[in-house]
$ cat final19.cif   # mmCIF, C-alpha atoms
data_coords
loop_
_atom_site.label_atom_id
_atom_site.label_comp_id
_atom_site.auth_asym_id
_atom_site.auth_seq_id
_atom_site.Cartn_x
_atom_site.Cartn_y
_atom_site.Cartn_z
CA MET A 2 50.59 -203.67 -84.84
CA ASP A 3 49.29 -200.87 -82.64
CA ALA A 4 48.36 -203.40 -79.96
CA LEU A 5 51.84 -204.92 -80.08
CA PHE A 6 53.41 -201.45 -79.86
CA ARG A 7 51.28 -200.55 -76.84
CA HIS A 8 52.13 -203.87 -75.18
CA ARG A 9 55.88 -203.34 -75.69
CA SER A 10 55.66 -199.70 -74.57
CA LEU A 11 54.04 -200.79 -71.31
CA PHE A 12 57.11 -202.79 -70.31
CA LYS A 13 59.89 -200.89 -72.07
CA ALA A 14 60.50 -198.30 -69.35
CA THR A 15 63.39 -198.85 -66.96
CA THR A 16 60.90 -198.91 -64.09
CA PRO A 17 57.70 -200.64 -65.26
CA PRO A 18 54.55 -198.59 -64.53
CA TRP A 19 53.01 -201.49 -62.63
CA LYS A 20 55.92 -201.84 -60.18
CA GLU A 21 54.68 -199.82 -57.18
CA THR A 22 51.08 -200.98 -57.48
CA TYR A 23 52.16 -204.62 -57.72
CA ARG A 24 54.73 -204.29 -54.93
CA LYS A 25 52.29 -202.66 -52.52
CA ARG A 26 49.57 -205.20 -53.24
CA CYS A 27 52.00 -208.09 -52.70
CA VAL A 28 53.18 -206.65 -49.37
CA ASP A 29 49.59 -206.10 -48.21
CA ARG A 30 48.55 -209.62 -49.22
CA LEU A 31 51.54 -211.12 -47.43
CA LYS A 32 50.67 -209.25 -44.22
CA ASN A 33 47.05 -210.36 -44.51
CA SER A 34 48.22 -213.95 -45.03
CA ARG A 35 50.11 -214.03 -41.73
CA SER A 36 47.86 -216.71 -40.20
CA LYS A 37 48.17 -218.87 -43.31
CA LEU A 38 51.96 -218.51 -43.30
CA LEU A 39 52.34 -219.38 -39.62
CA GLU A 40 49.96 -222.32 -39.90
CA ARG A 41 52.02 -223.75 -42.75
CA TYR A 42 55.22 -223.01 -40.83
CA ARG A 43 53.91 -224.92 -37.79
CA GLN A 44 52.82 -227.85 -39.96
CA MET A 45 56.34 -228.18 -41.34
CA GLY A 46 57.60 -229.14 -37.89
CA ASP A 47 61.28 -229.05 -37.01
CA SER A 48 62.69 -230.04 -40.38
CA PRO A 49 65.33 -227.41 -41.36
CA GLN A 50 64.89 -228.35 -45.02
CA CYS A 51 61.12 -227.83 -44.90
CA LYS A 52 61.32 -224.66 -42.88
CA GLY A 53 63.97 -223.29 -45.17
CA SER A 54 61.55 -223.49 -48.10
CA ALA A 55 58.54 -222.05 -46.27
CA GLY A 56 59.22 -218.50 -47.43
CA SER A 57 59.56 -219.30 -51.13
CA ILE A 58 56.29 -221.24 -51.08
CA ILE A 59 54.11 -218.54 -49.58
CA VAL A 60 55.87 -215.69 -51.38
CA GLN A 61 55.40 -217.37 -54.75
CA GLU A 62 51.70 -217.83 -54.00
CA VAL A 63 51.34 -214.18 -53.03
CA MET A 64 53.10 -212.99 -56.17
CA GLU A 65 51.09 -215.30 -58.42
CA GLU A 66 47.75 -214.27 -56.90
CA GLU A 67 48.46 -210.55 -57.18
CA TRP A 68 49.89 -210.92 -60.67
CA SER A 69 46.73 -212.72 -61.77
CA ALA A 70 44.61 -209.98 -60.19
CA LEU A 71 46.67 -207.32 -61.96
CA GLN A 72 46.28 -209.15 -65.26
CA ALA A 73 42.50 -209.24 -64.83
CA GLU A 74 42.35 -205.50 -64.12
CA ASN A 75 44.86 -204.31 -66.72
CA HIS A 76 43.65 -203.38 -70.21
CA HIS A 77 46.94 -204.59 -71.63
CA PRO A 78 47.60 -208.33 -71.17
CA LEU A 79 50.56 -208.99 -68.88
CA PRO A 80 52.92 -211.92 -69.55
CA LEU A 81 52.99 -215.09 -67.49
CA LEU A 82 54.88 -214.60 -64.23
CA TRP A 83 56.23 -218.12 -63.67
CA GLY A 84 57.63 -220.45 -66.27
CA SER A 85 59.01 -223.96 -66.03
CA ASP A 86 62.26 -222.46 -64.75
CA GLY A 87 60.62 -220.22 -62.18
CA MET A 88 60.70 -216.45 -62.54
CA ALA A 89 63.60 -216.67 -64.97
CA GLY A 90 61.35 -218.64 -67.33
CA MET A 91 58.60 -216.03 -67.58
CA LEU A 92 57.70 -214.62 -70.96
CA MET A 93 59.68 -211.39 -70.63
CA LYS A 94 62.69 -210.32 -72.58
CA GLU A 95 63.74 -207.10 -70.88
CA TYR A 96 66.28 -207.56 -68.07
CA ASP A 97 64.93 -204.59 -66.10
CA GLU A 98 61.52 -206.23 -65.70
CA LEU A 99 63.02 -209.43 -64.34
CA ALA A 100 65.21 -207.40 -61.98
CA VAL A 101 62.16 -205.52 -60.69
CA LEU A 102 60.31 -208.76 -59.95
CA GLU A 103 63.35 -210.25 -58.22
CA GLU A 104 63.63 -207.07 -56.12
CA ILE A 105 59.98 -207.40 -55.06
CA GLN A 106 60.47 -211.09 -54.34
CA GLN A 107 63.43 -210.37 -52.06
CA GLU A 108 61.46 -207.69 -50.23
CA LEU A 109 58.61 -210.15 -49.65
CA LEU A 110 61.01 -212.82 -48.43
CA SER A 111 62.44 -210.30 -45.97
CA HIS A 112 58.95 -209.42 -44.70
CA GLU A 113 58.12 -213.08 -44.33
CA MET A 114 61.30 -213.85 -42.42
CA SER A 115 60.47 -211.01 -40.04
CA ILE A 116 57.04 -212.51 -39.39
CA ILE A 117 58.55 -215.92 -38.68
CA GLU A 118 61.25 -214.48 -36.41
CA GLU A 119 58.63 -212.55 -34.43
CA PHE A 120 56.57 -215.72 -34.17
CA GLU A 121 59.55 -217.69 -32.83
CA LYS A 122 60.28 -214.99 -30.24
CA ASN A 123 56.61 -215.02 -29.30
CA VAL A 124 56.59 -218.79 -28.82
CA GLN A 125 59.64 -218.50 -26.57
CA PHE A 126 57.96 -215.76 -24.55
CA GLU A 127 54.78 -217.83 -24.25
CA GLN A 128 56.73 -220.81 -22.93
CA GLN A 129 58.55 -218.63 -20.41
CA TYR A 130 55.33 -216.93 -19.39
CA ILE A 131 53.47 -220.21 -18.81
CA SER A 132 56.45 -221.50 -16.83
CA SER A 133 56.29 -218.42 -14.62
CA VAL A 134 52.54 -218.74 -14.08
CA VAL A 135 52.57 -222.47 -13.41
CA ASP A 136 55.42 -223.43 -11.12
CA GLY A 137 55.55 -226.94 -9.71
CA MET A 138 57.03 -226.34 -6.28
CA ASP A 139 56.84 -229.96 -5.09
CA GLU A 140 55.79 -233.31 -6.49
CA ASP A 141 52.29 -233.41 -5.01
CA VAL A 142 51.01 -229.84 -5.28
CA GLU A 143 51.12 -227.62 -8.34
CA HIS A 144 51.24 -223.96 -7.35
CA ILE A 145 50.03 -221.30 -9.75
CA ILE A 146 51.57 -217.86 -9.50
CA CYS A 147 49.00 -215.07 -9.51
CA PRO A 148 48.73 -213.71 -13.08
CA VAL A 149 47.85 -210.26 -11.73
CA CYS A 150 50.77 -209.57 -9.38
CA HIS A 151 53.23 -212.26 -10.60
CA VAL A 152 54.52 -212.56 -7.02
CA ASN A 153 52.30 -214.73 -4.82
CA ASN A 154 50.97 -218.24 -5.24
CA LEU A 155 47.21 -218.45 -5.64
CA THR A 156 45.12 -220.17 -2.98
CA ILE A 157 42.78 -222.54 -4.79
CA ASN A 158 40.01 -224.57 -3.18
CA ASN A 159 36.45 -225.62 -4.01
CA ILE A 160 35.01 -222.30 -2.81
CA PHE A 161 37.35 -219.54 -3.99
CA ILE A 162 40.63 -218.54 -5.62
CA SER A 163 42.52 -215.78 -3.86
CA CYS A 164 45.81 -213.95 -3.61
CA PRO A 165 47.21 -211.54 -1.00
CA CYS A 166 47.37 -208.89 -3.74
CA GLY A 167 43.58 -208.64 -3.66
CA VAL A 168 42.47 -211.20 -6.21
CA TYR A 169 39.36 -213.04 -5.05
CA ILE A 170 37.21 -215.21 -7.31
CA ASN A 171 34.15 -217.06 -6.06
CA THR A 172 34.32 -220.57 -7.54
CA LYS A 173 31.70 -222.28 -5.39
CA SER A 174 29.93 -225.06 -7.34
CA ARG A 175 32.14 -224.36 -10.39
CA ASN A 176 34.69 -227.17 -9.82
CA VAL A 177 37.71 -225.02 -10.69
CA THR A 178 40.84 -226.99 -9.84
CA SER A 179 44.48 -226.03 -10.36
CA ASP A 180 44.51 -228.02 -13.60
CA VAL A 181 41.38 -226.26 -14.85
CA LEU A 182 42.80 -222.82 -14.09
CA LYS A 183 46.13 -223.74 -15.66
CA HIS A 184 44.36 -224.84 -18.86
CA LEU A 185 42.30 -221.65 -18.99
CA LEU A 186 45.37 -219.45 -18.62
CA GLU A 187 47.40 -221.39 -21.16
CA SER A 188 44.62 -221.49 -23.77
CA ARG A 189 43.85 -217.77 -23.53
CA VAL A 190 47.51 -216.78 -23.72
CA SER A 191 48.10 -219.09 -26.68
CA LYS A 192 45.04 -217.80 -28.54
CA HIS A 193 46.11 -214.19 -28.07
CA MET A 194 49.67 -214.91 -29.16
CA GLU A 195 48.44 -216.30 -32.48
CA GLU A 196 47.39 -212.82 -33.54
CA CYS A 197 49.45 -210.40 -31.41
CA PHE A 198 53.07 -210.21 -30.25
CA HIS A 199 52.44 -207.94 -27.27
CA ASN A 200 52.20 -209.12 -23.67
CA PRO A 201 48.68 -209.46 -22.28
CA ILE A 202 47.62 -208.03 -18.92
CA PHE A 203 45.51 -209.75 -16.25
CA SER A 204 43.18 -207.82 -13.97
CA MET A 205 40.04 -208.12 -11.87
CA ALA A 206 36.91 -206.55 -13.36
CA PRO A 207 34.05 -205.68 -10.98
CA ASN A 208 30.47 -206.60 -11.84
CA ALA A 209 27.36 -204.88 -10.52
CA ASP A 210 25.25 -208.03 -10.18
CA SER A 211 27.88 -210.76 -9.76
CA PRO A 212 31.35 -211.38 -8.25
CA PRO A 213 34.39 -209.86 -10.02
CA ASN A 214 35.89 -211.64 -13.02
CA LEU A 215 39.49 -212.40 -13.85
CA MET A 216 40.10 -210.73 -17.23
CA MET A 217 42.90 -210.87 -19.76
CA SER A 218 43.35 -207.88 -22.05
CA CYS A 219 45.81 -206.33 -24.47
CA GLN A 220 46.00 -202.61 -25.18
CA ALA A 221 47.89 -203.16 -28.43
CA CYS A 222 45.22 -205.25 -30.19
CA ASP A 223 42.14 -204.57 -27.99
CA TYR A 224 41.93 -208.26 -27.08
CA LEU A 225 39.62 -208.92 -24.12
CA SER A 226 38.65 -212.24 -22.59
CA VAL A 227 37.05 -213.46 -19.37
CA ILE A 228 39.17 -216.17 -17.71
CA LEU A 229 36.89 -216.79 -14.72
#
$ encode --input "final19.cif" --output "structure tokens"
Amino acid sequence: MDALFRHRSLFKATTPPWKETYRKRCVDRLKNSRSKLLERYRQMGDSPQCKGSAGSIIVQEVMEEEWSALQAENHHPLPLLWGSDGMAGMLMKEYDELAVLEEIQQELLSHEMSIIEEFEKNVQFEQQYISSVVDGMDEDVEHIICPVCHVNNLTINNIFISCPCGVYINTKSRNVTSDVLKHLLESRVSKHMEECFHNPIFSMAPNADSPPNLMMSCQACDYLSVIL
């Protein structure tokens, strides 16, 4: 009887005592699951029906995982979160508890939609950026705009890559063609964009014992990579 009384007392308050702890843990887990969410979103392709359900899938997983963790840590057993009818089918009788969970679910869905919207904007920026770096000016020669100054076309041959802005990269015996450089730029930009929404910066980094390197960096996430 005492155990039943304690169990009912735990959930009887208008605002359940577990609300803020559970909400915060769900939000943190969702943010930490960003890569998982975007990977699933990409796998769904262009189907509006599939993409429309992406949020509910990942949010439900997040809520279930954190609810299970909370159950394992709580001295008082918590009820099942999801029933055969979804959240409405859970083993809870008090309306306030269901309302709290629905409030948390909506907050998570909002967070998730923000992540997806930022990702879509980032993809658009990436496409525009690559188009600005690689500009086919005629049918036979593909010109690559200097990623440092974004003004001049790079001079690329089997000995060096250069730009009037001061970029000079020794490529002797390295077989760096326009296609190779294009692939390097695209792959680095794409890799960075998977984890960060900020624009990267290209620069030349001097070396004491070797020619300067073309670097890509980001001050927002501390990303740093050698292109050439």
$ resolve_selection --input "final19.cif" --expression "the PyMOL selection byres ((chain A and resi 197) around 9)" --output "ChimeraX atom specification"
/A:123,193-196,198-200,219,221-222,224
$ closest_residue --input "final19.cif" --among "A:Trp68, A:Gln61, A:Pro17, A:Ser115" --to "Leu39 (chain A)" --atoms "all atoms listed in the file"
A:Ser115
$ atom_distance --input "final19.cif" --atom1 "CA of Ile228 (chain A)" --atom2 "CA of Leu215 (chain A)"
5.4 Å
$ atom_distance --input "final19.cif" --atom1 "CA of Met205 (chain A)" --atom2 "CA of Asp180 (chain A)"
20.5 Å
$ atom_distance --input "final19.cif" --atom1 "CA of Arg175 (chain A)" --atom2 "CA of Asn159 (chain A)"
7.8 Å
$ closest_residue --input "final19.cif" --among "A:Ser69, A:Ser204, A:Asn75, A:Ser34" --to "Trp19 (chain A)" --atoms "all atoms listed in the file"
A:Asn75
$ residues_around --input "final19.cif" --residues "region 176-178 of chain A" --least-positions-apart "4" --cutoff "9 Å" --atoms "only C-alpha atoms" --output "list in words"
Ile157, Asn158, Asn159, Ile160, Phe161, Ile162, Thr172, Leu182 and Lys183 of chain A
$ write_last_selection --input "final19.cif" --atoms "C-alpha atoms" --output "PDB file, in the coordinates of the input"
ATOM      1  CA  ILE A 157      42.780-222.540  -4.790  1.00  0.00           C
ATOM      2  CA  ASN A 158      40.010-224.570  -3.180  1.00  0.00           C
ATOM      3  CA  ASN A 159      36.450-225.620  -4.010  1.00  0.00           C
ATOM      4  CA  ILE A 160      35.010-222.300  -2.810  1.00  0.00           C
ATOM      5  CA  PHE A 161      37.350-219.540  -3.990  1.00  0.00           C
ATOM      6  CA  ILE A 162      40.630-218.540  -5.620  1.00  0.00           C
ATOM      7  CA  THR A 172      34.320-220.570  -7.540  1.00  0.00           C
ATOM      8  CA  LEU A 182      42.800-222.820 -14.090  1.00  0.00           C
ATOM      9  CA  LYS A 183      46.130-223.740 -15.660  1.00  0.00           C
TER      10      LYS A 183
END
$ resolve_selection --input "final19.cif" --expression "the PyMOL selection byres ((chain A and resi 106) around 10)" --output "list in words"
Arg24, Cys27, Val28, Ser57, Val60, Gln61, Val63, Met64, Met88, Ala100, Val101, Leu102, Glu103, Glu104, Ile105, Gln107, Glu108, Leu109, Leu110, Ser111 and His112 of chain A
$ resolve_selection --input "final19.cif" --expression "the PyMOL selection byres ((chain A and resi 149-153) around 8)" --output "number ranges by chain"
A: 133-134, 146-148, 154-155, 164-166, 168, 202-204
$ closest_residue --input "final19.cif" --among "A:Glu74, A:Glu65, A:Glu98, A:Asp29" --to "Glu113 (chain A)" --atoms "only C-alpha atoms"
A:Asp29
